[in-house]
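Heads up: the structure comes next, in structure tokens.
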Amino acid sequence: MSDHILVERADGIATVTINRPKMRNAVSLAMWTAIGEETQALAKDDSVRAIVFRGAGTEAFASGADISEFKENRKDTETALHYNKQTEIAYRSIRNCPKPTVAMIFGYCMGGAMALAMACDLRFAAEGSKFGIPAARLSIIYGLDPVHQLVDLVGPAYAKDILYSARTVEADEALRIGLIQRLVPAAQLEAHTLDYLGKVASNAPLSIRGTKAQVRAIFEGITEQHRAHLAELGLETFNSQDYKEGTTAFLEKRAPRFQGR
């Protein structure tokens with residue numbers, strides 16, 4: 001694992017840290033690859049109930065892709081396609097992760113970092129955070145899936161506004177238009193995020209997995225394949241030990257102890 005991508009586990013919550021604070025956590029090609037690999041590993045780790053993505057320090061979640069690499073890693077069609085493949089694997093690994101994911105955002109969240117944050121289920125931000133997608137200033141067309149997610153979060157008009165202008169969106173506006181779900185004083189953000197995910201982690205993992213799959217199906221457009229998969233998840237949950245534990249705990253008036261099976 002690159003020392004620029006750190007993973008810590010505590011109390012069922014994994015924290016993935018983009019660790020390049022001297023460069024405002026700009027993400028290199030190697031880091032995009034590591035994010036995808038680590039997220040896929042966490043998705044398979046039964047000890048992990050939820051995942052937080054953050055940047056090291058409080059100056060930036062990430063300032064975006066490391067543009068200084070572009071002259072080498074995106075110098076022609078072949079290298080650009082390889083680069084785009086690695087970033088898409090990173091985004092897809094987060095979008096498809098069956099566990100709850102939260103982007104915990106301090107400071108700048110720009111460019112490719114916006115796509116990473118939007119791939120998460122939720123975005124919790126510190127007051128003073130700033131958001132933007134400067135693709136129009138680089139003659140880049142932002143990826144279709146991230147644009148889809150942006151439209152889903154803020155609507156088509158605001159998505160066009162953000163992309164056309166390449167402007168910086170302040171935290172208050174980001175909350176108002178639905179780009180982020182929480183806006184918290186910086187000193188309280190980490191505790192707020194971990195407290196929220198602690199509550200989530202205590203709930204039934206199979207139920208949360210099913211809910212996430214339902215929302216994804218609606219987002220993608222429900223197909224018969226989606227319906228079959230969701231029916232299978234429903235039966236698996238109904239036949240699980242956790243279902244028995246949940247109903248027993250309810251009748252015994254105690255907190256359930258879910259195991260994810």
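Identifiers in the structure tokens: chain A, B, ... in order shown; residue index from 1 per chain; ligand index from 1 in order shown.
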Long-range neighbours of stretch 209-211 of chain A as a VMD selection string, 12 Å cut-off, only C-alpha atoms, 4 positions minimum in chain: chain A and resid 43 49 to 50 96 to 101 121 200 to 201 203 to 205 215 to 218 226 to 227 229 to 238 260 to 261
Every residue of stretch 109-208 of chain A that DSSP places in alpha helix (DSSP H), as a VMD selection string: chain A and resid 112 to 119 144 to 154 156 to 165 171 to 177 186 to 202 205 to 208
Shell around A:Leu150 at 12 Å using only C-alpha atoms, local window under 6 positions removed, as a list in words: Met114, Ala115, Leu116, Ala117, Met118, Ala119, Cys120, Gly132, Ile133, Tyr142, Gly143, Leu144, Pro156, Ala157, Tyr158, Ala159, Lys160, Asp161, Ile162, Leu163, Ala174, Ile177, Gly178, Leu179 and Ile180 of chain A
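Residues surrounding stretch 66-71 of chain A within 7 Å are Ala26, Val27 and Ser28 of chain A [only C-alpha atoms; sequence separation below 6 positions excluded].
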Separation of atom CA of A:Cys109 from atom CA of A:Ile89 in Å: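 So the answer is 19.4 Å.
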Residue set, stretch 4-138 of chain A restricted to strand (DSSP E or B), as a PyMOL selection string: chain A and resi 5-10+13-18+27+50-55+60-62+65+101-105+108-110+122-126+130-132
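Distances from A:Gly57, A:Ala10, A:Lys85, A:Ser93 to A:Lys44 were compared using only C-alpha atoms, and the smallest one belongs to A:Ser93.
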From A:Gly128, A:Pro134, A:Pro146, A:Gly55, residue lying nearest A:Thr168 [only C-alpha atoms]: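 With only C-alpha atoms as the atom set, the closest residue is A:Pro134.
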